[in-house]
>>> print(open('entry30.cif').read())   # mmCIF, C-alpha atoms
data_start
loop_
_atom_site.group_PDB
_atom_site.id
_atom_site.type_symbol
_atom_site.label_atom_id
_atom_site.label_comp_id
_atom_site.auth_asym_id
_atom_site.auth_seq_id
_atom_site.Cartn_x
_atom_site.Cartn_y
_atom_site.Cartn_z
ATOM 1 C CA ARG A 16 131.188 137.267 105.796
ATOM 2 C CA LEU A 17 128.168 135.020 105.949
ATOM 3 C CA SER A 18 126.078 136.976 108.429
ATOM 4 C CA HIS A 19 122.562 138.441 108.477
ATOM 5 C CA GLU A 20 123.537 141.950 107.360
ATOM 6 C CA LYS A 21 125.162 140.580 104.183
ATOM 7 C CA GLY A 22 121.793 139.284 102.943
ATOM 8 C CA MET A 23 122.987 136.009 101.464
ATOM 9 C CA ASP A 24 119.587 134.510 102.315
ATOM 10 C CA LEU A 25 118.030 137.136 100.036
ATOM 11 C CA LEU A 26 120.442 136.223 97.244
ATOM 12 C CA LEU A 27 119.597 132.524 97.537
ATOM 13 C CA GLN A 28 115.889 133.356 97.369
ATOM 14 C CA ALA A 29 116.516 135.579 94.331
ATOM 15 C CA VAL A 30 118.388 132.794 92.540
ATOM 16 C CA SER A 31 115.481 130.487 93.340
ATOM 17 C CA ILE A 32 113.011 133.013 91.890
ATOM 18 C CA CYS A 33 115.151 133.033 88.733
ATOM 19 C CA ALA A 34 115.078 129.222 88.455
ATOM 20 C CA ASP A 35 114.397 129.471 84.719
ATOM 21 C CA LEU A 36 117.736 131.237 84.118
ATOM 22 C CA PRO A 37 121.023 129.325 83.763
ATOM 23 C CA LEU A 38 122.576 130.755 86.931
ATOM 24 C CA ASN A 39 125.434 129.364 88.951
ATOM 25 C CA LEU A 40 126.315 131.119 92.173
ATOM 26 C CA VAL A 41 129.688 131.054 93.911
ATOM 27 C CA VAL A 42 129.553 132.298 97.499
ATOM 28 C CA ILE A 43 132.905 133.383 98.896
ATOM 29 C CA GLY A 44 133.351 133.766 102.628
ATOM 30 C CA GLU A 45 132.760 132.159 105.984
ATOM 31 C CA GLY A 46 130.557 133.076 108.879
ATOM 32 C CA PRO A 47 127.990 131.996 111.409
ATOM 33 C CA LEU A 48 125.235 131.450 108.826
ATOM 34 C CA ARG A 49 127.119 129.104 106.496
ATOM 35 C CA GLY A 50 125.311 125.952 107.655
ATOM 36 C CA ALA A 51 121.900 127.623 107.515
ATOM 37 C CA LEU A 52 122.615 128.993 104.026
ATOM 38 C CA VAL A 53 123.682 125.571 102.718
ATOM 39 C CA LYS A 54 120.427 124.135 104.100
ATOM 40 C CA GLN A 55 118.419 127.015 102.606
ATOM 41 C CA ALA A 56 119.949 126.430 99.153
ATOM 42 C CA ALA A 57 119.020 122.743 99.346
ATOM 43 C CA LYS A 58 115.489 123.523 100.563
ATOM 44 C CA LEU A 59 115.006 126.024 97.712
ATOM 45 C CA GLY A 60 116.094 123.368 95.208
ATOM 46 C CA ILE A 61 119.181 125.279 94.073
ATOM 47 C CA GLY A 62 121.839 123.412 96.045
ATOM 48 C CA ASP A 63 123.348 122.034 92.840
ATOM 49 C CA ARG A 64 123.695 125.573 91.431
ATOM 50 C CA VAL A 65 125.400 127.106 94.473
ATOM 51 C CA THR A 66 129.023 126.576 95.469
ATOM 52 C CA PHE A 67 130.069 127.667 98.940
ATOM 53 C CA ALA A 68 133.752 128.293 98.289
ATOM 54 C CA GLY A 69 134.644 129.430 101.822
ATOM 55 C CA PHE A 70 137.314 132.000 102.621
ATOM 56 C CA ARG A 71 139.652 132.882 99.759
ATOM 57 C CA SER A 72 142.795 134.904 100.313
ATOM 58 C CA ASN A 73 142.583 136.120 96.703
ATOM 59 C CA PRO A 74 138.912 136.746 95.858
ATOM 60 C CA PHE A 75 139.934 138.845 92.845
ATOM 61 C CA VAL A 76 140.424 135.703 90.761
ATOM 62 C CA TYR A 77 136.745 134.919 91.336
ATOM 63 C CA LEU A 78 135.626 138.508 90.763
ATOM 64 C CA ALA A 79 137.488 138.762 87.476
ATOM 65 C CA ALA A 80 136.064 135.450 86.219
ATOM 66 C CA ALA A 81 132.453 136.215 87.156
ATOM 67 C CA ASP A 82 129.825 137.400 84.697
ATOM 68 C CA ALA A 83 128.528 139.641 87.492
ATOM 69 C CA PHE A 84 129.033 140.332 91.177
ATOM 70 C CA VAL A 85 125.994 140.512 93.439
ATOM 71 C CA LEU A 86 125.974 142.637 96.578
ATOM 72 C CA SER A 87 122.933 141.430 98.522
ATOM 73 C CA SER A 88 123.640 143.322 101.743
ATOM 74 C CA ARG A 89 120.951 144.759 103.953
ATOM 75 C CA VAL A 90 123.343 147.507 105.075
ATOM 76 C CA GLU A 91 126.857 148.655 104.135
ATOM 77 C CA GLY A 92 128.965 151.546 105.334
ATOM 78 C CA PHE A 93 131.085 151.843 102.225
ATOM 79 C CA PRO A 94 130.869 148.909 99.810
ATOM 80 C CA ASN A 95 134.558 148.427 98.991
ATOM 81 C CA VAL A 96 133.803 145.117 97.315
ATOM 82 C CA VAL A 97 131.800 146.941 94.645
ATOM 83 C CA LEU A 98 134.875 148.976 93.721
ATOM 84 C CA GLU A 99 136.953 145.787 93.757
ATOM 85 C CA ALA A 100 134.524 144.070 91.384
ATOM 86 C CA LEU A 101 134.439 147.073 89.063
ATOM 87 C CA ALA A 102 138.239 147.270 89.106
ATOM 88 C CA CYS A 103 138.244 143.628 87.943
ATOM 89 C CA GLY A 104 135.958 144.607 85.069
ATOM 90 C CA THR A 105 132.947 142.831 86.549
ATOM 91 C CA PRO A 106 129.505 144.437 86.435
ATOM 92 C CA VAL A 107 127.626 144.692 89.735
ATOM 93 C CA ILE A 108 124.072 143.890 90.807
ATOM 94 C CA ALA A 109 123.274 145.408 94.203
ATOM 95 C CA THR A 110 120.622 146.123 96.774
ATOM 96 C CA PRO A 111 120.274 149.794 97.767
ATOM 97 C CA CYS A 112 122.198 149.177 100.999
ATOM 98 C CA ALA A 113 124.469 152.237 100.788
ATOM 99 C CA ASP A 114 123.786 155.768 99.539
ATOM 100 C CA MET A 115 126.682 155.966 97.086
ATOM 101 C CA LEU A 116 125.689 152.843 95.117
ATOM 102 C CA ALA A 117 123.391 154.801 92.824
ATOM 103 C CA ASP A 118 126.380 156.919 91.760
ATOM 104 C CA MET A 119 128.735 153.959 91.512
ATOM 105 C CA LEU A 120 126.394 151.962 89.311
ATOM 106 C CA GLY A 121 123.795 154.144 87.647
ATOM 107 C CA VAL A 122 125.735 157.059 86.288
ATOM 108 C CA TYR A 123 128.222 154.976 84.329
ATOM 109 C CA GLY A 124 125.958 152.089 83.335
ATOM 110 C CA ASN A 125 128.174 149.524 85.011
ATOM 111 C CA GLY A 126 125.557 147.680 86.987
ATOM 112 C CA TRP A 127 122.043 147.379 88.270
ATOM 113 C CA LEU A 128 120.610 148.708 91.512
ATOM 114 C CA ALA A 129 117.564 146.973 92.966
ATOM 115 C CA THR A 130 114.583 149.072 93.965
ATOM 116 C CA ALA A 131 114.448 147.515 97.439
ATOM 117 C CA ILE A 132 116.352 145.263 99.795
ATOM 118 C CA SER A 133 114.344 142.157 99.006
ATOM 119 C CA ALA A 134 114.673 138.881 97.132
ATOM 120 C CA PRO A 135 112.076 139.837 94.471
ATOM 121 C CA ALA A 136 113.798 143.170 93.758
ATOM 122 C CA LEU A 137 117.183 141.460 93.568
ATOM 123 C CA ALA A 138 115.740 138.777 91.259
ATOM 124 C CA GLU A 139 114.391 141.519 88.990
ATOM 125 C CA CYS A 140 117.894 143.019 88.717
ATOM 126 C CA ILE A 141 119.422 139.617 88.018
ATOM 127 C CA ARG A 142 116.924 139.159 85.177
ATOM 128 C CA LYS A 143 117.772 142.604 83.772
ATOM 129 C CA ALA A 144 121.478 141.793 83.938
ATOM 130 C CA CYS A 145 120.955 138.542 82.052
ATOM 131 C CA GLN A 146 118.920 140.308 79.365
ATOM 132 C CA SER A 147 121.234 143.266 78.885
ATOM 133 C CA PRO A 148 124.853 142.758 79.951
ATOM 134 C CA SER A 149 126.596 145.916 81.126
ATOM 135 C CA ALA A 150 130.009 147.186 80.217
ATOM 136 C CA CYS A 151 132.155 148.430 83.043
ATOM 137 C CA PRO A 152 133.569 151.941 82.829
ATOM 138 C CA ASP A 153 137.200 152.495 82.123
ATOM 139 C CA ASP A 154 139.479 152.642 85.142
ATOM 140 C CA SER A 155 139.715 156.457 84.952
ATOM 141 C CA TYR A 156 136.278 156.766 86.608
ATOM 142 C CA LEU A 157 137.311 154.559 89.514
ATOM 143 C CA GLU A 158 140.626 156.343 89.922
ATOM 144 C CA THR A 159 139.261 159.885 89.793
ATOM 145 C CA THR A 160 136.330 159.111 92.080
ATOM 146 C CA PHE A 161 137.703 156.556 94.554
ATOM 147 C CA GLY A 162 141.444 156.385 93.851
ATOM 148 C CA VAL A 163 144.290 156.898 96.270
ATOM 149 C CA SER A 164 145.039 160.411 95.038
ATOM 150 C CA ARG A 165 141.494 161.478 95.900
ATOM 151 C CA VAL A 166 140.721 159.428 99.007
ATOM 152 C CA VAL A 167 143.983 159.749 100.978
ATOM 153 C CA PRO A 168 143.737 163.558 101.299
ATOM 154 C CA GLN A 169 140.158 163.141 102.553
ATOM 155 C CA TYR A 170 141.352 160.722 105.246
ATOM 156 C CA GLN A 171 144.213 163.073 106.143
ATOM 157 C CA ASP A 172 141.821 165.990 106.556
ATOM 158 C CA LEU A 173 139.508 163.895 108.722
ATOM 159 C CA ILE A 174 142.360 162.705 110.955
ATOM 160 C CA ILE A 175 143.701 166.257 111.339
ATOM 161 C CA ARG A 176 140.223 167.558 112.232
ATOM 162 C CA LEU A 177 139.632 164.771 114.743
ATOM 163 C CA ALA A 178 143.082 165.176 116.258
ATOM 164 C CA GLY A 179 142.339 168.835 116.908
ATOM 165 C CA GLN A 180 139.109 168.124 118.813
ATOM 166 C CA PRO A 181 138.945 167.930 122.597
ATOM 167 C CA GLU A 182 138.997 164.443 124.123
ATOM 168 C CA GLY A 183 135.636 162.683 123.805
ATOM 169 C CA ALA A 184 134.440 164.909 120.942
ATOM 170 C CA GLY A 185 133.547 163.363 117.572
#
>>> encode(input="entry30.cif", output="structure tokens")
Amino acid sequence: RLSHEKGMDLLLQAVSICADLPLNLVVIGEGPLRGALVKQAAKLGIGDRVTFAGFRSNPFVYLAAADAFVLSSRVEGFPNVVLEALACGTPVIATPCADMLADMLGVYGNGWLATAISAPALAECIRKACQSPSACPDDSYLETTFGVSRVVPQYQDLIIRLAGQPEGAG
């Protein structure tokens, strides 16, 4: 979704900061900021290095083909797309927009976490990724930490607890 909270403007600025690197960016999605982002890319002088691919019903083809996935969000509840990228074997570069990202990326060496939600911090991570490519963990980490067998019981417990609360509680 091309909206403010997704931070695509920060990503475009970061790519511009890294103008000396051979980067090509594919932006998947639609949203209210698409026109402004296309204009921003042109103004930053990176319009020829950015493809706005629009909505894709199967983004996994793009994730699997990418050298890295960048999560430039200002805020995320739970960044499912990070798990999707990792499941495709694609390393992740991310802003610290969700608490669990440090665990998802740092512990297993499968990505880079920026020090701040800013274009310079994101550019620094992009540079690190280009200098030292990361290997993704094997699928056992994803399955044991975020897999169906672990997550579904947690949802069941939550639903049971909420169902037992008086109306209006929780």
>>> residues_around(input="entry30.cif", residues="A:Phe93", least_positions_apart="6", cutoff="10 Å", atoms="all atoms listed in the file", output="list in words")
Cys112, Ala113, Asp114, Met115 and Leu116 of chain A
>>> resolve_selection(input="entry30.cif", expression="the PyMOL selection byres ((chain A and resi 35-50) around 6)", output="list in words")
Arg16, Leu17, Ser18, Cys33, Ala34, Ala51, Leu52, Val53, Arg64, Val65, Thr66, Phe67, Ala68, Gly69 and Phe70 of chain A
>>> resolve_selection(input="entry30.cif", expression="the PyMOL selection byres ((chain A and resi 81) around 12)", output="list in words")
Leu38, Asn39, Leu40, Val41, Val42, Pro74, Phe75, Val76, Tyr77, Leu78, Ala79, Ala80, Asp82, Ala83, Phe84, Val85, Ala100, Leu101, Cys103, Gly104, Thr105, Pro106, Val107 and Ile108 of chain A
>>> resolve_selection(input="entry30.cif", expression="the PyMOL selection byres ((chain A and resi 21) around 9)", output="number ranges by chain")
A: 16-20, 22-25, 86-91
>>> closest_residue(input="entry30.cif", among="A:Gln169, A:Thr130, A:Ser164, A:Gln55", to="A:Leu27", atoms="all atoms listed in the file")
A:Gln55
>>> atom_distance(input="entry30.cif", atom1="atom CA of A:Leu120", atom2="atom CA of A:Asp172")
27.1 Å
>>> atom_distance(input="entry30.cif", atom1="atom CA of A:Leu98", atom2="atom CA of A:Ile141")
18.9 Å
>>> atom_distance(input="entry30.cif", atom1="atom CA of A:Glu99", atom2="atom CA of A:Gln146")
23.7 Å
>>> closest_residue(input="entry30.cif", among="A:Met119, A:Gln171, A:Ala144, A:Ala109", to="A:Ile132", atoms="only C-alpha atoms")
A:Ala109
>>> residues_around(input="entry30.cif", residues="A:Ala138", least_positions_apart="6", cutoff="8 Å", atoms="all atoms listed in the file", output="VMD selection string")
chain A and resid 29 to 30 32 to 33
>>> decode(input="entry30.cif", residues="stretch 53-126 of chain A", atoms="C-alpha atoms", output="JSON list (two decimals), in the first residue's frame")
[["chain", "number", "residue", "atom", "x", "y", "z"],
["A", 53, "VAL", "CA", 6.59, 8.82, -9.03],
["A", 54, "LYS", "CA", 7.19, 12.58, -9.00],
["A", 55, "GLN", "CA", 9.56, 12.28, -6.03],
["A", 56, "ALA", "CA", 11.62, 9.59, -7.81],
["A", 57, "ALA", "CA", 11.93, 11.84, -10.86],
["A", 58, "LYS", "CA", 12.84, 14.88, -8.74],
["A", 59, "LEU", "CA", 15.51, 12.86, -6.90],
["A", 60, "GLY", "CA", 17.00, 11.80, -10.24],
["A", 61, "ILE", "CA", 16.29, 8.10, -9.72],
["A", 62, "GLY", "CA", 13.17, 7.75, -11.87],
["A", 63, "ASP", "CA", 15.03, 5.51, -14.32],
["A", 64, "ARG", "CA", 16.05, 3.17, -11.47],
["A", 65, "VAL", "CA", 12.58, 2.77, -9.95],
["A", 66, "THR", "CA", 9.77, 0.67, -11.39],
["A", 67, "PHE", "CA", 6.29, 1.17, -9.97],
["A", 68, "ALA", "CA", 4.84, -2.25, -10.72],
["A", 69, "GLY", "CA", 1.40, -1.62, -9.20],
["A", 70, "PHE", "CA", -0.71, -4.29, -7.51],
["A", 71, "ARG", "CA", 0.43, -7.87, -8.07],
["A", 72, "SER", "CA", -1.73, -10.81, -7.10],
["A", 73, "ASN", "CA", 1.42, -12.92, -6.70],
["A", 74, "PRO", "CA", 4.13, -10.74, -5.12],
["A", 75, "PHE", "CA", 6.11, -13.86, -4.17],
["A", 76, "VAL", "CA", 7.57, -14.06, -7.67],
["A", 77, "TYR", "CA", 9.09, -10.62, -7.08],
["A", 78, "LEU", "CA", 10.20, -11.43, -3.54],
["A", 79, "ALA", "CA", 11.95, -14.61, -4.62],
["A", 80, "ALA", "CA", 13.76, -12.85, -7.48],
["A", 81, "ALA", "CA", 14.94, -9.88, -5.41],
["A", 82, "ASP", "CA", 18.44, -9.53, -4.01],
["A", 83, "ALA", "CA", 16.82, -8.00, -0.92],
["A", 84, "PHE", "CA", 13.46, -6.82, 0.35],
["A", 85, "VAL", "CA", 13.22, -3.41, 1.99],
["A", 86, "LEU", "CA", 10.61, -2.65, 4.63],
["A", 87, "SER", "CA", 10.62, 1.15, 4.92],
["A", 88, "SER", "CA", 7.55, 1.47, 7.13],
["A", 89, "ARG", "CA", 7.17, 4.10, 9.80],
["A", 90, "VAL", "CA", 4.95, 1.74, 11.81],
["A", 91, "GLU", "CA", 3.83, -1.89, 11.53],
["A", 92, "GLY", "CA", 1.70, -4.05, 13.78],
["A", 93, "PHE", "CA", 3.15, -7.36, 12.69],
["A", 94, "PRO", "CA", 5.28, -7.26, 9.54],
["A", 95, "ASN", "CA", 3.95, -10.34, 7.73],
["A", 96, "VAL", "CA", 5.74, -9.31, 4.56],
["A", 97, "VAL", "CA", 9.09, -9.80, 6.30],
["A", 98, "LEU", "CA", 8.20, -13.43, 6.99],
["A", 99, "GLU", "CA", 7.02, -13.78, 3.39],
["A", 100, "ALA", "CA", 10.32, -12.42, 2.07],
["A", 101, "LEU", "CA", 12.33, -14.68, 4.37],
["A", 102, "ALA", "CA", 10.23, -17.68, 3.33],
["A", 103, "CYS", "CA", 11.18, -16.85, -0.28],
["A", 104, "GLY", "CA", 14.84, -16.90, 0.74],
["A", 105, "THR", "CA", 15.23, -13.14, 0.39],
["A", 106, "PRO", "CA", 17.21, -11.15, 2.96],
["A", 107, "VAL", "CA", 15.46, -8.14, 4.51],
["A", 108, "ILE", "CA", 16.49, -4.54, 5.15],
["A", 109, "ALA", "CA", 14.09, -2.82, 7.54],
["A", 110, "THR", "CA", 13.38, 0.24, 9.61],
["A", 111, "PRO", "CA", 12.76, -0.42, 13.32],
["A", 112, "CYS", "CA", 9.00, -0.05, 12.83],
["A", 113, "ALA", "CA", 7.96, -3.11, 14.88],
["A", 114, "ASP", "CA", 9.41, -4.57, 18.08],
["A", 115, "MET", "CA", 9.89, -8.12, 16.80],
["A", 116, "LEU", "CA", 12.06, -7.12, 13.81],
["A", 117, "ALA", "CA", 15.25, -7.24, 15.86],
["A", 118, "ASP", "CA", 14.53, -10.91, 16.62],
["A", 119, "MET", "CA", 13.43, -11.71, 13.08],
["A", 120, "LEU", "CA", 16.54, -10.22, 11.52],
["A", 121, "GLY", "CA", 19.36, -9.89, 14.01],
["A", 122, "VAL", "CA", 19.47, -13.20, 15.77],
["A", 123, "TYR", "CA", 19.74, -15.30, 12.63],
["A", 124, "GLY", "CA", 21.79, -12.92, 10.48],
["A", 125, "ASN", "CA", 19.16, -12.80, 7.77],
["A", 126, "GLY", "CA", 18.92, -9.07, 7.34]]
